[in-house]
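This report concerns only the one structure given below.
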Amino acid sequence: MKFKPQLRLGLRTKVILISSFLLLLPWLGYKYVWEMEKLLRQGQEQTLIGTTRAVATALNERPNLFNLQASFLKSVEKGKDLYAYDLQNPIKLDGKLSDWHDYDNQMVNYGRDYVQFSRRPYSASNNINFKHMVGKYQGYLYAVFEVNDKSPIMRRKNSTRVDRSDHLIIAMTSPNGEFRRYVISPYESGWVNAFHITEPTDDNQDSATSYNTSMIDPASLVAASDIQGFWQNTESGYNLELRIPLTMLGNKLGFAFYDINNSRNRIIDTIIGTSNTSHLNRLGTVLVPSPEIDKILKGMGHNSSRISVIDRHQRILAQTGDIQDSDGVWSSSVKYSEDDDSWWSVFEQNVLHPLYYKFLISAPQQFIDSQQDAANLEGVHISQALQGRGYSQWRLSEDKKAMILAAAYPIWLDNNVMGAVVAEESTNGIQTLRNRALEKLFNIILAIMAIGTITLFLFASNISSRIRQLRDEAEQAIDSQGRIQKAISPAKGSDEIADLSRSLASMVGRLGQYNHYLENLSSRLSHELRTPVAVVRSSIENLSMHNQDEDSQRYIARAQDGIHRLSTILSSMTEATRIEQSLQGAEKERFPLNELVTGCMHGYQMAFPEQKFNVRVPETNVMIEGAPDYLAQLLDKLIANAEDFSDNESEIEVSLSSETIQAQTYASIIVSNHGPLLPDNMTDQLLNSMISIRTQDKQNKPHLGLGLFIARLITEYHNGTIMLRNRADNKGVEVIVTLPLDTSDK
């Protein structure tokens with residue numbers, strides 16, 4: 001039977017998984033904000049369609065708004081049918097054209113396709129051509145002409161003939177439909193005024209014939225001071241700026257330049273213009289944005305959007321609002337409180353928001369709108385509206401920095417679509433609202449993270465400090481030899497760490513009781529065994545006093561030897577306890593340690609006559625504060641241990657030296673012998689009680705492993721250290737005892 005392996009997750013892994021799920025909360029909040037933005041865009045779309053419907057309803061069935069705007073034309077011809085752009089600033093008539101630079105894209109080039117008459121084949125490099133546009137500002141129609149003419153011919157001074165030089169013919173209809181013609185023919189660069197040509201024209205005359213044969217009678221000229229302008233000669237020709245009162249203008253307008261290249265015969269060489277200015281029915285139309293519709297739009301109060309009214313030829317009749325500032329219905333919700341100067345607001349504005357907008361949030365940007373100054377509007381929404389259906393469309397700006405929502409709704413007149421209302425808004429308002437929501441979301445996330453971090457830090461610090469305290473108590477409770485020195489204080493809390501502390505305290509208490517029992521076991525056994533040992537010894541001695549046979553004497557001798565060994569064992573068991581107790585009341589004195597070592601070594605030579613010793617002791621006094629008897633006993637244990645483990649005929653090396661470490665002088669006693677090496681991981685254990693590694697051939701007398709233990713007790717009493725290690729040549733073992741010396745002058 002096979003068992004499938006089970007996936008076991010550790011506590012740390014579980015905590016990480018649970019913490020990872022918590023990270024979903026800010027992500028869900030982030031996604032929620034983006035979903036809300038989609039809903040807001042849908043709401044903006046419905047609101048904008050409702051706006052166009054409301055404006056279109058206000059313009060429905062009002063023919064007077066469209067009759068005078070050439071809205072009934074079946075088609076519009078570019079260049080011939082003019083559109084007066086709504087100028088943002090007044091035009092200074094100086095011939096420099098600096099005021100028209102913002103409208104370069106609206107300029108129309110007039111060349112070969114707009115030639116009305118030419119005596120020879122037309123060439124753009126040799127014949128006249130010009131750039132032109134018209135605009136409206138506060139009751140005036142402004143016109144600009146940038147003319148390229150290699151040889152401009154000016155009117156002679158004091159000459160009354162205006163048709164024998166380069167001149168401009170202006171043809172228009174008055175507001176009541178009357179056909180009027182004006183001429184401008186200057187003497188030189190400078191301020192110019194038009195002359196009204198009062199003689200009638202023949203509408204049935206061929207245009208080419210009229211250009212060749214017609215002459216302007218000076219008697220028919222009447223000064224028209226209302227039409228003003230400035231003529232400025234240039235290196236490539238001349239510039240002309242005009243200003244015409246809108247009160248003089250109907251719905252038709254045309255301009256034509258008569259070019260003369262020969263200054264002798266002064267015959268017209270080329271005529272080029274927007275339309276034929278000699279006939280009423282050949283004039284182009286002019287569309288001036290309707291002030292009446294503009295008033296209606298401004299009265300609707302929808303300045304937060306750009307609203308345009310177009311005719312059925314998609315030409316703009318009126319327009320209000322700026323799409324760059326179009327926040328839609330959110331305009332009142334996207335502004336910060338300017339009076340909030342609290343520390344949090346300052347910190348948020350100067351620290352948090354720059355970080356958000358650099359890494360997490362995209363701020364609304366100024367964008368390029370291709371339809372800002374357009375004469376007509378295009379798009380699917382407009383074509384749908386002109387077919388009688390309301391429609392909305394999303395599009396990117398020309399530089400793809402913003403989304404623009406455009407909605408269109410038809411304007412009806414007698415069941416016919418006469419135009420449409422077009423409303424446009426950018427998503428800057430919704431984007432700003434989204435950014436505000438994201439800012440608040442990120443602020444809350446940062447606050448939660450900060451509070452959580454501080455809370456977890458304090459919680460972790462509390463846990464770690466309690467764990468460190470418990471660790472320190474555990475380390476201090478048991479010394480390096482495993483003896484219980486200090487009890488662990490049980491915690492009073494109810495959590496797991498307090499429970500662990502109480503368990504460890506109870507465990508250390510039980511271990512202390514057991515260690516105390518073990519420490520007193522030897523003395524108790526020794527005390528309890530001495531009486532029966534004495535009884536056995538006396539009985540054996542009594543038996544030995546009677547005459548016994550040889551076998552009985554041999555058994556009695558063995559019994560006496562066993563009793564002697566048992567007595568030795570009992571003495572050894574109590575020796576360590578006696579020394580530990582006697583050290584507590586021992587008194588220290590100042591004496592030369594070198595003399596003590598030398599004297600002891602003389603005694604060892606006599607005690608072990610067959611053992612060789614190599615002693616190195618300095619001749620100068622090595623003064624120490626200690627107990628001489630116990631230090632002599634320390635040397636006894638070290639020499640006895642070295643003699644037991646020495647190889648035959650090898651010498652025991654004993655050296656005494658002193659050295660200074662960090663302003664403290666120490667004496668070092670080294671006892672080294674040739675013999676077996678120390679087992680691995682047994683160096684520290686040999687200094688404990690009842691530990692021995694003697695082989696069977698060394699067991700000629702009882703050993704309980706107390707010699708080095710007693711040496712450690714004496715060393716620690718003198719604030720020294722004892723260490724066992726193998727010799728550098730790996731031929732034996734050496735014991736190093738380091739004792740602090742008394743360097744005071746007493």
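In the structure tokens, the first chain shown is A, the next is B, and so on; residue numbers restart at 1 for each chain, and ligands run from 1 in the order shown.
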Can you list, as a PDB file with N, CA, C and O atoms, in the first residue's frame, every protein, DNA or RNA residue that comes within 10 Å of Gln366 in chain A when you count only C-alpha atoms, leaving out same-chain residues fewer than 6 positions away?
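Contents of result.pdb, freshly written:
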ATOM      1  N   GLN A 324      -9.415  72.869 -23.242  1.00  0.00           N
ATOM      2  CA  GLN A 324      -8.275  72.659 -22.351  1.00  0.00           C
ATOM      3  C   GLN A 324      -8.686  72.770 -20.883  1.00  0.00           C
ATOM      4  O   GLN A 324      -8.070  72.171 -20.010  1.00  0.00           O
ATOM      5  N   ASP A 325      -9.745  73.545 -20.613  1.00  0.00           N
ATOM      6  CA  ASP A 325     -10.212  73.719 -19.233  1.00  0.00           C
ATOM      7  C   ASP A 325     -11.533  73.026 -18.992  1.00  0.00           C
ATOM      8  O   ASP A 325     -12.231  73.335 -18.028  1.00  0.00           O
ATOM      9  N   ASP A 399      -1.737  64.811 -30.026  1.00  0.00           N
ATOM     10  CA  ASP A 399      -0.476  64.347 -29.437  1.00  0.00           C
ATOM     11  C   ASP A 399      -0.670  63.142 -28.527  1.00  0.00           C
ATOM     12  O   ASP A 399       0.256  62.730 -27.832  1.00  0.00           O
ATOM     13  N   LYS A 401      -2.150  62.730 -25.730  1.00  0.00           N
ATOM     14  CA  LYS A 401      -1.968  62.965 -24.304  1.00  0.00           C
ATOM     15  C   LYS A 401      -3.279  63.020 -23.540  1.00  0.00           C
ATOM     16  O   LYS A 401      -3.271  63.062 -22.309  1.00  0.00           O
ATOM     17  N   ALA A 402      -4.397  63.037 -24.245  1.00  0.00           N
ATOM     18  CA  ALA A 402      -5.683  63.157 -23.566  1.00  0.00           C
ATOM     19  C   ALA A 402      -6.753  62.470 -24.386  1.00  0.00           C
ATOM     20  O   ALA A 402      -6.653  62.346 -25.608  1.00  0.00           O
ATOM     21  N   ASN A 428     -10.068  65.317 -18.372  1.00  0.00           N
ATOM     22  CA  ASN A 428      -9.220  65.856 -17.306  1.00  0.00           C
ATOM     23  C   ASN A 428      -9.954  65.907 -15.976  1.00  0.00           C
ATOM     24  O   ASN A 428      -9.375  65.670 -14.919  1.00  0.00           O
TER      25      ASN A 428
END
Quick one: everything within 6 Å of range 160-176 of chain A, counting only C-alpha atoms, minus sequence neighbours fewer than 2 positions away in the same chain. Send it as an MDAnalysis selection string.
chainID A and resid 153:155 178:185 218 248:250 252:260 266 277
Determine, counting only C-alpha atoms, which protein, DNA and RNA residues have an atom within 7 Å of an atom of range 723-730 of chain A; residues of the same chain fewer than 6 positions away are not included. Present the result as a VMD selection string.
chain A and resid 677 to 678 683 736 to 737
Which residue of A:Ile296, A:Leu656, A:Val733, A:Leu456 approaches Gly675 in chain A most closely, using only C-alpha atoms
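Selected residue with least distance to Gly675 in chain A: A:Val733.
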Selected residue of minimal separation from Leu59 in chain A among A:Thr738, A:Val309, A:Lys637, A:Gln365, counting only C-alpha atoms:
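Answer, going by the shortest atom-to-atom distance: A:Val309.
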So that I can check the surroundings of Arg554 in chain A, please list as a count of residues only every protein, DNA and RNA residue that reaches within 12 Å of it, counting only C-alpha atoms and ignoring chain neighbours fewer than 6 positions away.
6
Spatial neighbours of Ser657 in chain A, max dist 8 Å, only C-alpha atoms, sep filter under 6 positions, as a list in words
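Answer for this query is Val617, Pro618, Ala667, Ser668 and Ile669 of chain A.
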From a DSSP calculation on the backbone, collect every residue of range 386-431 of chain A in strand (DSSP E) and output the set as an MDAnalysis selection string.
chainID A and resid 391:396 403:413 416:426
Could those residues be written to a file, using N, CA, C and O atoms, as an mmCIF file, in the first residue's frame?
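The result, written out as selection.cif:
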data_model
loop_
_atom_site.group_PDB
_atom_site.id
_atom_site.type_symbol
_atom_site.label_atom_id
_atom_site.label_comp_id
_atom_site.auth_asym_id
_atom_site.auth_seq_id
_atom_site.Cartn_x
_atom_site.Cartn_y
_atom_site.Cartn_z
ATOM 1 N N TYR A 391 -25.290 61.288 -31.337
ATOM 2 C CA TYR A 391 -24.205 60.305 -31.314
ATOM 3 C C TYR A 391 -23.056 60.894 -30.483
ATOM 4 O O TYR A 391 -22.885 62.119 -30.384
ATOM 5 N N SER A 392 -22.277 60.013 -29.890
ATOM 6 C CA SER A 392 -21.088 60.421 -29.124
ATOM 7 C C SER A 392 -19.901 59.586 -29.576
ATOM 8 O O SER A 392 -20.061 58.453 -30.046
ATOM 9 N N GLN A 393 -18.714 60.140 -29.373
ATOM 10 C CA GLN A 393 -17.495 59.472 -29.850
ATOM 11 C C GLN A 393 -16.327 59.864 -28.955
ATOM 12 O O GLN A 393 -16.195 61.023 -28.544
ATOM 13 N N TRP A 394 -15.495 58.868 -28.657
ATOM 14 C CA TRP A 394 -14.240 59.106 -27.937
ATOM 15 C C TRP A 394 -13.111 59.173 -28.950
ATOM 16 O O TRP A 394 -13.040 58.380 -29.877
ATOM 17 N N ARG A 395 -12.201 60.128 -28.761
ATOM 18 C CA ARG A 395 -11.045 60.223 -29.656
ATOM 19 C C ARG A 395 -9.838 60.699 -28.850
ATOM 20 O O ARG A 395 -9.967 61.353 -27.806
ATOM 21 N N LEU A 396 -8.662 60.336 -29.352
ATOM 22 C CA LEU A 396 -7.419 60.806 -28.762
ATOM 23 C C LEU A 396 -7.072 62.179 -29.316
ATOM 24 O O LEU A 396 -7.385 62.502 -30.463
ATOM 25 N N MET A 403 -7.795 62.007 -23.672
ATOM 26 C CA MET A 403 -8.984 61.475 -24.310
ATOM 27 C C MET A 403 -10.032 62.581 -24.365
ATOM 28 O O MET A 403 -10.243 63.296 -23.388
ATOM 29 N N ILE A 404 -10.665 62.725 -25.532
ATOM 30 C CA ILE A 404 -11.667 63.768 -25.740
ATOM 31 C C ILE A 404 -12.989 63.096 -26.074
ATOM 32 O O ILE A 404 -13.057 62.230 -26.954
ATOM 33 N N LEU A 405 -14.021 63.494 -25.363
ATOM 34 C CA LEU A 405 -15.371 63.015 -25.622
ATOM 35 C C LEU A 405 -16.119 64.075 -26.411
ATOM 36 O O LEU A 405 -16.172 65.239 -26.000
ATOM 37 N N ALA A 406 -16.672 63.684 -27.547
ATOM 38 C CA ALA A 406 -17.435 64.597 -28.402
ATOM 39 C C ALA A 406 -18.826 64.005 -28.620
ATOM 40 O O ALA A 406 -18.971 62.815 -28.905
ATOM 41 N N ALA A 407 -19.833 64.835 -28.481
ATOM 42 C CA ALA A 407 -21.223 64.430 -28.711
ATOM 43 C C ALA A 407 -21.878 65.444 -29.636
ATOM 44 O O ALA A 407 -21.575 66.643 -29.582
ATOM 45 N N ALA A 408 -22.770 64.975 -30.490
ATOM 46 C CA ALA A 408 -23.459 65.845 -31.453
ATOM 47 C C ALA A 408 -24.936 65.486 -31.476
ATOM 48 O O ALA A 408 -25.309 64.310 -31.337
ATOM 49 N N TYR A 409 -25.755 66.543 -31.681
ATOM 50 C CA TYR A 409 -27.203 66.341 -31.750
ATOM 51 C C TYR A 409 -27.764 67.258 -32.836
ATOM 52 O O TYR A 409 -27.333 68.413 -32.967
ATOM 53 N N PRO A 410 -28.717 66.784 -33.653
ATOM 54 C CA PRO A 410 -29.179 67.572 -34.807
ATOM 55 C C PRO A 410 -30.058 68.758 -34.399
ATOM 56 O O PRO A 410 -30.733 68.739 -33.366
ATOM 57 N N ILE A 411 -30.018 69.796 -35.271
ATOM 58 C CA ILE A 411 -30.908 70.958 -35.157
ATOM 59 C C ILE A 411 -31.914 70.868 -36.293
ATOM 60 O O ILE A 411 -31.534 70.777 -37.476
ATOM 61 N N TRP A 412 -33.187 70.918 -35.937
ATOM 62 C CA TRP A 412 -34.245 70.696 -36.920
ATOM 63 C C TRP A 412 -34.914 72.008 -37.315
ATOM 64 O O TRP A 412 -35.086 72.919 -36.505
ATOM 65 N N LEU A 413 -35.267 72.078 -38.621
ATOM 66 C CA LEU A 413 -36.050 73.196 -39.162
ATOM 67 C C LEU A 413 -36.969 72.638 -40.238
ATOM 68 O O LEU A 413 -36.505 72.198 -41.293
ATOM 69 N N ASN A 416 -36.234 69.253 -41.466
ATOM 70 C CA ASN A 416 -34.938 69.160 -42.138
ATOM 71 C C ASN A 416 -33.837 69.477 -41.132
ATOM 72 O O ASN A 416 -33.998 70.348 -40.263
ATOM 73 N N VAL A 417 -32.737 68.770 -41.275
ATOM 74 C CA VAL A 417 -31.587 69.019 -40.401
ATOM 75 C C VAL A 417 -30.826 70.213 -40.947
ATOM 76 O O VAL A 417 -30.281 70.166 -42.060
ATOM 77 N N MET A 418 -30.798 71.316 -40.192
ATOM 78 C CA MET A 418 -30.106 72.525 -40.619
ATOM 79 C C MET A 418 -28.708 72.624 -40.027
ATOM 80 O O MET A 418 -27.911 73.460 -40.454
ATOM 81 N N GLY A 419 -28.412 71.803 -39.071
ATOM 82 C CA GLY A 419 -27.093 71.843 -38.446
ATOM 83 C C GLY A 419 -27.059 70.892 -37.266
ATOM 84 O O GLY A 419 -27.901 70.003 -37.125
ATOM 85 N N ALA A 420 -26.094 71.130 -36.417
ATOM 86 C CA ALA A 420 -25.944 70.265 -35.249
ATOM 87 C C ALA A 420 -25.250 71.025 -34.138
ATOM 88 O O ALA A 420 -24.509 71.996 -34.372
ATOM 89 N N VAL A 421 -25.516 70.593 -32.922
ATOM 90 C CA VAL A 421 -24.812 71.097 -31.739
ATOM 91 C C VAL A 421 -23.749 70.067 -31.358
ATOM 92 O O VAL A 421 -24.057 68.880 -31.199
ATOM 93 N N VAL A 422 -22.527 70.525 -31.238
ATOM 94 C CA VAL A 422 -21.401 69.648 -30.911
ATOM 95 C C VAL A 422 -20.815 70.101 -29.581
ATOM 96 O O VAL A 422 -20.472 71.276 -29.423
ATOM 97 N N ALA A 423 -20.744 69.202 -28.624
ATOM 98 C CA ALA A 423 -20.137 69.481 -27.315
ATOM 99 C C ALA A 423 -18.935 68.563 -27.134
ATOM 100 O O ALA A 423 -18.995 67.376 -27.460
ATOM 101 N N GLU A 424 -17.856 69.143 -26.622
ATOM 102 C CA GLU A 424 -16.609 68.389 -26.442
ATOM 103 C C GLU A 424 -16.070 68.636 -25.039
ATOM 104 O O GLU A 424 -16.100 69.760 -24.539
ATOM 105 N N GLU A 425 -15.605 67.597 -24.468
ATOM 106 C CA GLU A 425 -14.961 67.663 -23.154
ATOM 107 C C GLU A 425 -13.780 66.700 -23.137
ATOM 108 O O GLU A 425 -13.823 65.648 -23.771
ATOM 109 N N SER A 426 -12.761 67.069 -22.389
ATOM 110 C CA SER A 426 -11.670 66.123 -22.138
ATOM 111 C C SER A 426 -11.974 65.347 -20.864
ATOM 112 O O SER A 426 -12.910 65.670 -20.130
#
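Counting only C-alpha atoms, the residue from A:Leu446, A:Gly732, A:Glu188, A:Gly493 that sits nearest to Pro679 in chain A is A:Gly732.
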Rounded to one decimal place, report the CA of Ala642 in chain A-CA of Arg483 in chain A distance in Å.
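Atom-to-atom, CA of Ala642 in chain A and CA of Arg483 in chain A are spaced 27.0 Å apart.
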Between CA of Asn233 in chain A and CA of Tyr103 in chain A, distance in Å (one decimal):
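A separation of 21.5 Å between them.
Residue nearest Glu77 in chain A, chosen from A:Asn261, A:Thr274, A:Thr620, A:Asn239 and counting only C-alpha atoms: A:Thr274.
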Could you give me, as a ChimeraX atom specification, the residues within 9 Å of Leu141 in chain A, counting only C-alpha atoms and dropping anything in the same chain fewer than 6 positions from it?
/A:84,134-135,242-246,249,288
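The shortest atom-to-atom distance to Asp86 in chain A, with only C-alpha atoms taken into account, belongs to A:Lys136 out of A:Lys150, A:Arg62, A:Lys358, A:Lys136.
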